[in-house]
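Colleague: Supplied structure: start-v1.cif, mmCIF, C-alpha atoms.
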```
data_my_file
loop_
_atom_site.label_atom_id
_atom_site.label_comp_id
_atom_site.auth_asym_id
_atom_site.auth_seq_id
_atom_site.Cartn_x
_atom_site.Cartn_y
_atom_site.Cartn_z
CA MET Z 110 7.81 63.89 -62.59
CA ASN Z 111 10.58 66.44 -62.21
CA VAL Z 112 14.12 65.49 -61.16
CA VAL Z 113 16.59 68.25 -60.34
CA ARG Z 114 20.19 67.14 -59.73
CA ILE Z 115 22.52 69.29 -57.63
CA PRO Z 116 26.09 67.94 -57.27
CA ALA Z 117 26.65 68.95 -53.66
CA GLY Z 118 29.67 69.42 -51.46
CA VAL Z 119 33.35 68.88 -52.09
CA TYR Z 120 32.66 65.22 -52.90
CA ALA Z 121 30.02 66.12 -55.52
CA ALA Z 122 27.38 63.75 -54.17
CA ASN Z 123 24.23 64.04 -56.23
CA CYS Z 124 21.45 65.72 -54.27
CA TYR Z 125 18.06 65.35 -55.94
CA LEU Z 126 14.91 67.43 -55.66
CA ILE Z 127 11.95 65.32 -56.78
CA TYR Z 128 8.45 66.70 -57.30
CA PRO Z 129 5.35 65.89 -59.37
CA GLU Z 130 4.28 67.82 -62.43
CA ASN Z 131 1.04 68.95 -60.81
CA SER Z 132 2.16 69.70 -57.24
CA THR Z 133 4.68 71.72 -55.28
CA GLU Z 134 5.20 68.90 -52.77
CA GLY Z 135 8.76 67.64 -53.04
CA ILE Z 136 11.46 65.54 -51.43
CA VAL Z 137 15.16 66.16 -50.97
CA VAL Z 138 17.36 63.12 -51.45
CA ASP Z 139 20.95 63.08 -50.12
CA PRO Z 140 21.78 66.72 -49.31
CA GLY Z 141 25.54 66.19 -49.22
CA GLY Z 142 26.62 69.81 -48.74
CA ASP Z 143 26.18 73.24 -50.33
CA ALA Z 144 22.97 73.68 -48.34
CA ASP Z 145 22.65 77.30 -49.48
CA ASP Z 146 22.50 76.20 -53.13
CA ILE Z 147 19.93 73.51 -52.36
CA ILE Z 148 17.77 75.93 -50.38
CA ALA Z 149 18.04 78.52 -53.17
CA LYS Z 150 16.72 75.96 -55.67
CA ILE Z 151 13.90 74.97 -53.30
CA LYS Z 152 12.93 78.64 -53.06
CA GLU Z 153 13.19 79.16 -56.81
CA LEU Z 154 10.90 76.20 -57.48
CA LYS Z 155 8.57 77.20 -54.61
CA LEU Z 156 8.66 73.64 -53.28
CA ASN Z 157 7.05 72.43 -50.08
CA ILE Z 158 9.53 69.77 -48.95
CA LYS Z 159 7.71 66.87 -47.29
CA TYR Z 160 10.66 64.57 -46.58
CA ILE Z 161 14.44 64.48 -46.55
CA ILE Z 162 15.46 60.96 -47.59
CA LEU Z 163 18.95 59.50 -47.33
CA THR Z 164 20.02 56.60 -49.53
CA HIS Z 165 22.67 55.80 -46.89
CA GLY Z 166 24.48 57.38 -43.99
CA HIS Z 167 27.95 58.34 -45.21
CA GLY Z 168 29.25 61.84 -44.54
CA ASP Z 169 29.40 62.92 -48.18
CA HIS Z 170 25.63 62.39 -48.48
CA ILE Z 171 24.55 64.01 -45.21
CA ALA Z 172 26.68 67.16 -44.87
CA GLY Z 173 23.78 69.51 -45.66
CA VAL Z 174 21.10 67.69 -43.67
CA LYS Z 175 20.99 69.93 -40.60
CA GLU Z 176 20.60 73.14 -42.60
CA ILE Z 177 18.02 71.65 -44.98
CA LYS Z 178 16.04 70.23 -42.07
CA GLU Z 179 16.17 73.56 -40.26
CA TYR Z 180 14.87 75.40 -43.33
CA THR Z 181 12.18 72.91 -44.41
CA ASN Z 182 11.19 71.39 -41.04
CA ALA Z 183 10.77 68.14 -42.99
CA PRO Z 184 11.28 64.76 -41.30
CA LEU Z 185 14.55 62.95 -41.99
CA ALA Z 186 14.30 59.34 -43.18
CA ILE Z 187 16.93 56.62 -43.50
CA HIS Z 188 16.86 52.82 -43.52
CA LYS Z 189 16.86 51.34 -40.04
CA ASP Z 190 20.16 49.51 -40.66
CA ASP Z 191 21.97 52.80 -41.28
CA GLU Z 192 20.65 54.64 -38.24
CA TYR Z 193 23.92 53.92 -36.41
CA LEU Z 194 25.85 55.76 -39.13
CA LEU Z 195 23.86 58.97 -38.74
CA LYS Z 196 24.47 59.05 -35.01
CA ASP Z 197 28.26 58.49 -35.11
CA GLY Z 198 30.64 60.88 -36.87
CA ASP Z 199 33.40 58.28 -36.86
CA ALA Z 200 31.18 55.56 -38.31
CA ASN Z 201 29.77 57.82 -41.05
CA LEU Z 202 33.31 59.03 -41.82
CA SER Z 203 32.43 62.73 -41.55
CA SER Z 204 34.95 63.12 -38.72
CA THR Z 205 37.71 62.45 -41.27
CA MET Z 206 36.17 64.63 -44.01
CA VAL Z 207 36.42 68.36 -44.66
CA MET Z 208 32.93 69.13 -43.30
CA GLY Z 209 33.80 67.84 -39.83
CA SER Z 210 31.87 65.45 -37.65
CA ILE Z 211 28.13 65.22 -38.31
CA GLU Z 212 25.85 63.42 -35.88
CA ILE Z 213 22.06 63.56 -36.16
CA SER Z 214 19.08 61.37 -35.32
CA PRO Z 215 16.52 60.41 -37.99
CA ASP Z 216 12.79 60.98 -37.62
CA ILE Z 217 11.73 57.99 -39.73
CA LEU Z 218 13.35 54.57 -39.99
CA LEU Z 219 12.63 53.00 -43.36
CA GLU Z 220 12.27 49.34 -44.28
CA ASP Z 221 12.21 47.50 -47.58
CA GLY Z 222 8.86 47.93 -49.31
CA ASP Z 223 7.89 51.15 -47.54
CA ASN Z 224 6.04 53.67 -49.69
CA ILE Z 225 6.28 57.44 -49.52
CA THR Z 226 3.49 59.42 -51.19
CA LEU Z 227 4.28 62.69 -52.89
CA GLY Z 228 1.33 64.27 -54.65
CA ASP Z 229 0.37 61.68 -57.26
CA LEU Z 230 3.80 60.03 -57.08
CA ASN Z 231 4.78 57.01 -55.04
CA ALA Z 232 8.35 56.41 -53.89
CA GLU Z 233 9.02 52.74 -53.10
CA VAL Z 234 11.92 51.93 -50.78
CA ILE Z 235 14.14 49.12 -52.08
CA HIS Z 236 16.72 47.84 -49.62
CA THR Z 237 19.99 47.57 -51.56
CA PRO Z 238 22.71 46.79 -49.02
CA GLY Z 239 26.38 46.37 -49.80
CA HIS Z 240 27.93 49.83 -49.78
CA THR Z 241 26.37 50.17 -46.33
CA PRO Z 242 24.10 47.75 -44.45
CA GLY Z 243 21.10 50.06 -44.82
CA GLY Z 244 21.66 51.37 -48.32
CA ILE Z 245 18.44 51.94 -50.25
CA SER Z 246 17.29 52.79 -53.73
CA LEU Z 247 14.06 54.63 -54.48
CA LYS Z 248 11.74 53.62 -57.30
CA ILE Z 249 9.64 56.59 -58.39
CA ASP Z 250 7.62 56.38 -61.59
CA ASP Z 251 10.08 55.19 -64.28
CA CYS Z 252 13.15 56.25 -62.31
CA LEU Z 253 15.53 54.62 -59.85
CA LEU Z 254 17.59 56.68 -57.42
CA THR Z 255 20.37 54.24 -56.60
CA GLY Z 256 22.57 56.11 -54.12
CA ASP Z 257 26.04 54.58 -53.94
CA THR Z 258 24.82 51.11 -54.93
CA LEU Z 259 24.87 51.52 -58.71
CA PHE Z 260 26.71 54.12 -60.79
CA ALA Z 261 26.92 54.59 -64.53
CA GLY Z 262 29.46 51.90 -65.43
CA SER Z 263 30.35 50.97 -61.86
CA ILE Z 264 29.16 50.16 -58.34
CA GLY Z 265 29.76 51.64 -54.91
CA ARG Z 266 32.86 50.97 -52.84
CA THR Z 267 32.83 47.99 -50.50
CA ASP Z 268 36.04 48.60 -48.56
CA PHE Z 269 34.32 50.39 -45.67
CA PRO Z 270 33.46 48.79 -42.30
CA LYS Z 271 30.30 46.66 -42.69
CA SER Z 272 30.41 46.95 -46.49
CA SER Z 273 30.02 43.76 -48.52
CA TYR Z 274 30.96 43.09 -52.13
CA ASP Z 275 28.73 40.02 -52.32
CA ALA Z 276 25.79 41.99 -50.92
CA ILE Z 277 26.17 44.90 -53.35
CA ILE Z 278 26.43 42.55 -56.35
CA ASN Z 279 23.28 40.79 -55.16
CA SER Z 280 21.54 44.14 -54.76
CA VAL Z 281 22.51 45.29 -58.24
CA LYS Z 282 21.71 42.07 -60.06
CA ASN Z 283 18.64 40.90 -58.17
CA ARG Z 284 17.04 44.11 -56.93
CA LEU Z 285 17.83 46.70 -59.63
CA MET Z 286 18.44 44.90 -62.90
CA VAL Z 287 14.96 43.38 -62.65
CA PHE Z 288 13.39 46.68 -63.70
CA PRO Z 289 12.50 47.47 -67.33
CA ASP Z 290 15.35 48.44 -69.66
CA ASP Z 291 14.03 51.98 -70.13
CA THR Z 292 14.10 52.70 -66.38
CA LYS Z 293 16.22 55.79 -65.73
CA VAL Z 294 19.03 55.45 -63.19
CA TYR Z 295 19.98 58.44 -61.04
CA PRO Z 296 23.07 57.50 -58.99
CA GLY Z 297 24.67 59.05 -55.93
CA HIS Z 298 27.63 60.34 -57.94
CA GLY Z 299 28.16 61.02 -61.63
CA PRO Z 300 25.83 61.04 -64.63
CA ALA Z 301 22.46 59.38 -65.10
CA SER Z 302 22.05 56.13 -67.00
CA THR Z 303 19.42 53.49 -67.78
CA ILE Z 304 18.98 49.88 -66.79
CA LYS Z 305 19.53 48.87 -70.43
CA LYS Z 306 22.82 50.74 -70.64
CA GLU Z 307 24.07 49.21 -67.40
CA LYS Z 308 23.16 45.71 -68.57
CA GLU Z 309 25.16 46.30 -71.74
CA THR Z 310 28.20 48.20 -70.44
CA ASN Z 311 28.63 47.83 -66.68
CA PRO Z 312 31.36 45.24 -66.02
CA PHE Z 313 29.84 44.40 -62.62
CA VAL Z 314 26.51 43.51 -64.25
CA ARG Z 315 27.51 41.69 -67.43
#
```
Starting from the file, give its structure as structure tokens.
Modeller:
Amino acid sequence: MNVVRIPAGVYAANCYLIYPENSTEGIVVDPGGDADDIIAKIKELKLNIKYIILTHGHGDHIAGVKEIKEYTNAPLAIHKDDEYLLKDGDANLSSTMVMGSIEISPDILLEDGDNITLGDLNAEVIHTPGHTPGGISLKIDDCLLTGDTLFAGSIGRTDFPKSSYDAIINSVKNRLMVFPDDTKVYPGHGPASTIKKEKETNPFVR
């Protein structure tokens, strides 16, 4: 499996291009801005983007969605509990951010346990609420894309409307830390990590 990280937009949200070793089918996860750079990489890799998947609906993770969707014609997917964020620029905070208000409707509403097939890869949707009600992580092969639920050494903010500290701690401890120690963690901001490293060093996990 190939994972290409593109820190996107002024908030440097990690956009990921994921594709199998033996296929050009790919997904875009969290295109948070700099759509031209993301599209350039898609062209360079000659990828056929099958889905655009959002780990949650905040403005810093969706700023490039419209341009990426226009270029790829791929369906946009988000957890059903975050649909309201996508449709409301005030709720998703984009109206207060530099990119301006973003409002868009998803094509696919995800639920916990859904599976997305990509060549010979399977992406499992894991509902990890707390940062937002519909926050998700994606388990693909030996990797976890954790959005703004789990970071290297930290967790996502819970001071937003409908955020919950108790919910995010439950998500981290009972939905993510259950995976094998060598599972790679690709968060929504910052560097990659592993489950083992987070168990040993993350103060919200220990």
Colleague: Pick out the residues sitting within 9 Å of stretch 285-299 of chain Z, and hand them over as a ChimeraX atom specification; count only C-alpha atoms, and ignore anything fewer than 6 positions along from it in its own chain.
Modeller: /Z:114,116,120-125,139,164,170,235,237,246,250-261,305-308,314
Colleague: Please write as an NGL selection string the list of polymer residues whose atoms come within 9 Å of (7.0, 72.5, -45.2), counting all atoms listed in the file and keeping to the coordinates of the file.
Modeller: :Z and (134 or 156-160 or 180-183)
Colleague: Residues picked by the PyMOL selection byres ((chain Z and resi 229) around 9) here, as a list of chain:residue names?
Modeller: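 The output of the PyMOL selection byres ((chain Z and resi 229) around 9) on this file is Z:Pro129, Z:Glu130, Z:Asn131, Z:Ser132, Z:Thr226, Z:Leu227, Z:Gly228, Z:Leu230, Z:Asn231.
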Colleague: Restricting it to C-alpha atoms, dump the selection as a PDB file, in the coordinates of the input.
Modeller:
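What follows is the written file again_7.pdb:
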```
ATOM      1  CA  PRO Z 129       5.350  65.890 -59.370  1.00  0.00           C
ATOM      2  CA  GLU Z 130       4.280  67.820 -62.430  1.00  0.00           C
ATOM      3  CA  ASN Z 131       1.040  68.950 -60.810  1.00  0.00           C
ATOM      4  CA  SER Z 132       2.160  69.700 -57.240  1.00  0.00           C
ATOM      5  CA  THR Z 226       3.490  59.420 -51.190  1.00  0.00           C
ATOM      6  CA  LEU Z 227       4.280  62.690 -52.890  1.00  0.00           C
ATOM      7  CA  GLY Z 228       1.330  64.270 -54.650  1.00  0.00           C
ATOM      8  CA  LEU Z 230       3.800  60.030 -57.080  1.00  0.00           C
ATOM      9  CA  ASN Z 231       4.780  57.010 -55.040  1.00  0.00           C
TER      10      ASN Z 231
END
```
Colleague: May I ask for the distance between atom CA of Z:Thr205 and atom CA of Z:Gly243, given in Å to one decimal place?
Modeller: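 Distance reported for this atom pair: 21.0 Å.
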Colleague: So that I can check the surroundings of Z:His165, please list as a ChimeraX atom specification every protein, DNA and RNA residue that reaches within 9 Å of it, counting all atoms listed in the file and ignoring chain neighbours fewer than 3 positions away.
Modeller: /Z:139,162,170-171,187-188,191-192,194-195,240-245,256-257
Colleague: Any chance you can output those residues with C-alpha atoms as a PDB file, keeping the file's coordinate frame?
Modeller:
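Saved result, selection_19.pdb, follows:
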```
ATOM      1  CA  ASP Z 139      20.950  63.080 -50.120  1.00  0.00           C
ATOM      2  CA  ILE Z 162      15.460  60.960 -47.590  1.00  0.00           C
ATOM      3  CA  HIS Z 170      25.630  62.390 -48.480  1.00  0.00           C
ATOM      4  CA  ILE Z 171      24.550  64.010 -45.210  1.00  0.00           C
ATOM      5  CA  ILE Z 187      16.930  56.620 -43.500  1.00  0.00           C
ATOM      6  CA  HIS Z 188      16.860  52.820 -43.520  1.00  0.00           C
ATOM      7  CA  ASP Z 191      21.970  52.800 -41.280  1.00  0.00           C
ATOM      8  CA  GLU Z 192      20.650  54.640 -38.240  1.00  0.00           C
ATOM      9  CA  LEU Z 194      25.850  55.760 -39.130  1.00  0.00           C
ATOM     10  CA  LEU Z 195      23.860  58.970 -38.740  1.00  0.00           C
ATOM     11  CA  HIS Z 240      27.930  49.830 -49.780  1.00  0.00           C
ATOM     12  CA  THR Z 241      26.370  50.170 -46.330  1.00  0.00           C
ATOM     13  CA  PRO Z 242      24.100  47.750 -44.450  1.00  0.00           C
ATOM     14  CA  GLY Z 243      21.100  50.060 -44.820  1.00  0.00           C
ATOM     15  CA  GLY Z 244      21.660  51.370 -48.320  1.00  0.00           C
ATOM     16  CA  ILE Z 245      18.440  51.940 -50.250  1.00  0.00           C
ATOM     17  CA  GLY Z 256      22.570  56.110 -54.120  1.00  0.00           C
ATOM     18  CA  ASP Z 257      26.040  54.580 -53.940  1.00  0.00           C
TER      19      ASP Z 257
END
```
Colleague: At a cut-off of 6 Å from (24.1, 45.7, -51.6) in the coordinates of the file, what residues are picked up using only C-alpha atoms, written as JSON, numbers by chain?
Modeller: {"Z": [237, 238, 239, 240, 276, 277, 280]}
Colleague: Using atom CA of Z:Ala232 and atom CA of Z:Ile127 as the two end points, give the distance in Å to one decimal.
Modeller: 10.0 Å
